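Enquirer: Starting off with a structure, shown below.
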Amino acid sequence: MFNETVISEINEIRGKYPDRRSALLPSLYIAQREFGWLSHEAMTCVAKTLNLPEADVRGTASFYSMFKNAPVGRHVIQICTNVSCMILGAEKLVDIVGAKYGVTSGGTSEDGRFSLVIMECIGACGTAPAMLVDTDFYENLTETNILEILDKYK
Ligand code: FES
């Protein structure tokens, strides 16, 4: 269950909108932050706190790729391999990260440190290759700097 602080945070967001449904996306973000991913329990908490049908919460959560429907590592690496990034070596970067941390696309490293996700374009084609680590954005990646960047995430 959510603690009182989280319930207050969600209720504060809910109070900003005339329709409680409008608070659903930010509430799902909060639930994901609290639980690490959107489990059945996490979505039930959101539904109860917002007084919305659980089906609405599940339908919304399953529609958006930024919501995780399974446990993930402490950090989620999202590397774009769309055209601009691919041309500038993103697939090689995926291989380097995979070899270094023992993680494959869609998987999580054995130590739980990283999950790896292959992304479509994240809007940084002019400074490709690009990636997100959790909510941090990185561009102009190279075979060297990507490992230096990831080393910061423990
Ligand atoms: S193709 Fe990778 S950011 Fe656009």
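How things are named: the first chain in the structure tokens is A, the next is B, and so on; residues count from 1 in each chain; ligands count from 1 in the order shown.
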Enumerate residues in contact with ligand 1: an atom-to-atom distance of at most 8 Å, counting only C-alpha atoms and all ligand atoms. Format the result as a count of residues only.

Expert: 19

Enquirer: Tell me, as a PyMOL selection string, which residues lie within 10 Å of Thr142 in chain A, counting only C-alpha atoms; anything in the same chain fewer than 5 positions away does not count.

Expert: chain A and resi 88-90+92-93+128-130+147-148

Enquirer: Let me see the file: selected residues, N, CA and C atoms, as a short mmCIF file (atom, residue, chain, number, x, y, z; two decimals), in the first residue's frame.

Expert:
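Output file again_10.cif follows:
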```cif
data_model
loop_
_atom_site.label_atom_id
_atom_site.label_comp_id
_atom_site.auth_asym_id
_atom_site.auth_seq_id
_atom_site.Cartn_x
_atom_site.Cartn_y
_atom_site.Cartn_z
N LEU A 88 25.04 5.87 -36.92
CA LEU A 88 26.20 6.35 -36.16
C LEU A 88 26.64 5.37 -35.07
N GLY A 89 26.23 4.11 -35.20
CA GLY A 89 26.84 3.07 -34.38
C GLY A 89 26.08 2.61 -33.15
N ALA A 90 24.79 2.91 -33.07
CA ALA A 90 24.04 2.55 -31.85
C ALA A 90 24.01 1.04 -31.61
N LYS A 92 26.27 -1.12 -32.24
CA LYS A 92 27.55 -1.48 -31.63
C LYS A 92 27.56 -1.10 -30.15
N LEU A 93 26.96 0.05 -29.84
CA LEU A 93 26.88 0.49 -28.44
C LEU A 93 26.06 -0.50 -27.61
N ALA A 128 22.91 12.23 -32.53
CA ALA A 128 22.93 10.77 -32.33
C ALA A 128 24.36 10.25 -32.22
N PRO A 129 24.51 9.08 -31.61
CA PRO A 129 23.51 8.23 -30.95
C PRO A 129 23.12 8.78 -29.57
N ALA A 130 21.92 8.41 -29.15
CA ALA A 130 21.40 8.97 -27.90
C ALA A 130 20.80 7.86 -27.04
N LEU A 147 30.45 3.94 -21.70
CA LEU A 147 30.84 3.16 -20.52
C LEU A 147 31.20 4.08 -19.36
N GLU A 148 31.81 5.23 -19.68
CA GLU A 148 32.11 6.21 -18.62
C GLU A 148 30.82 6.74 -17.99
#
```

Enquirer: Could you pull out the alpha helix (DSSP H) residues of range 1-141 of chain A from DSSP and send them as a VMD selection string?

Expert: chain A and resid 4 to 14 24 to 35 40 to 50 54 to 63 83 to 87 90 to 101

Enquirer: Would you please extract all strand (DSSP E or B) residues from range 52-126 of chain A, as assigned by DSSP on the backbone, and give them as a PyMOL selection string?

Expert: chain A and resi 75-80+105+108+114-119

Enquirer: Kindly save the residues from that selection, with C-alpha atoms included, as an mmCIF file, in the first residue's frame.

Expert:
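And here's result31.cif as it stands now:
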```cif
data_model
loop_
_atom_site.group_PDB
_atom_site.id
_atom_site.type_symbol
_atom_site.label_atom_id
_atom_site.label_comp_id
_atom_site.auth_asym_id
_atom_site.auth_seq_id
_atom_site.Cartn_x
_atom_site.Cartn_y
_atom_site.Cartn_z
ATOM 1 C CA HIS A 75 18.692 1.723 -13.573
ATOM 2 C CA VAL A 76 17.022 1.414 -16.956
ATOM 3 C CA ILE A 77 19.217 2.084 -19.989
ATOM 4 C CA GLN A 78 17.218 2.998 -23.082
ATOM 5 C CA ILE A 79 19.324 3.177 -26.239
ATOM 6 C CA CYS A 80 17.844 4.479 -29.477
ATOM 7 C CA SER A 105 17.711 -6.146 -24.798
ATOM 8 C CA THR A 108 18.193 -7.206 -16.582
ATOM 9 C CA PHE A 114 20.808 -2.406 -15.217
ATOM 10 C CA SER A 115 17.896 -3.229 -17.457
ATOM 11 C CA LEU A 116 18.381 -2.587 -21.169
ATOM 12 C CA VAL A 117 15.687 -1.408 -23.546
ATOM 13 C CA ILE A 118 16.015 -0.670 -27.256
ATOM 14 C CA MET A 119 14.145 2.531 -28.080
#
```

Enquirer: Excluding same-chain residues fewer than 5 positions from range 49-60 of chain A, what lies within 12 Å of it counting only C-alpha atoms, as a PyMOL selection string?

Expert: chain A and resi 1-4+6-15+17+19-31+38-44+65-69

Enquirer: Residues within 12 Å of range 150-154 of chain A, please, as a VMD selection string. Count only C-alpha atoms; anything in the same chain fewer than 4 positions from it doesn't count.

Expert: chain A and resid 73 to 78 93 96 to 98 100 to 101 111 to 116 131 to 134 136 to 138 141 143 to 146

Enquirer: Quick one: pull the distance between CA of Gly102 in chain A and CA of Pro71 in chain A, Å, one decimal.

Expert: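 Computing it gives 17.1 Å between the two atoms.
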
Enquirer: Between CA of Val72 in chain A and CA of Val46 in chain A, what is the spacing in Å?

Expert: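 Answer for the CA of Val46 in chain A to CA of Val72 in chain A separation: 19.7 Å.
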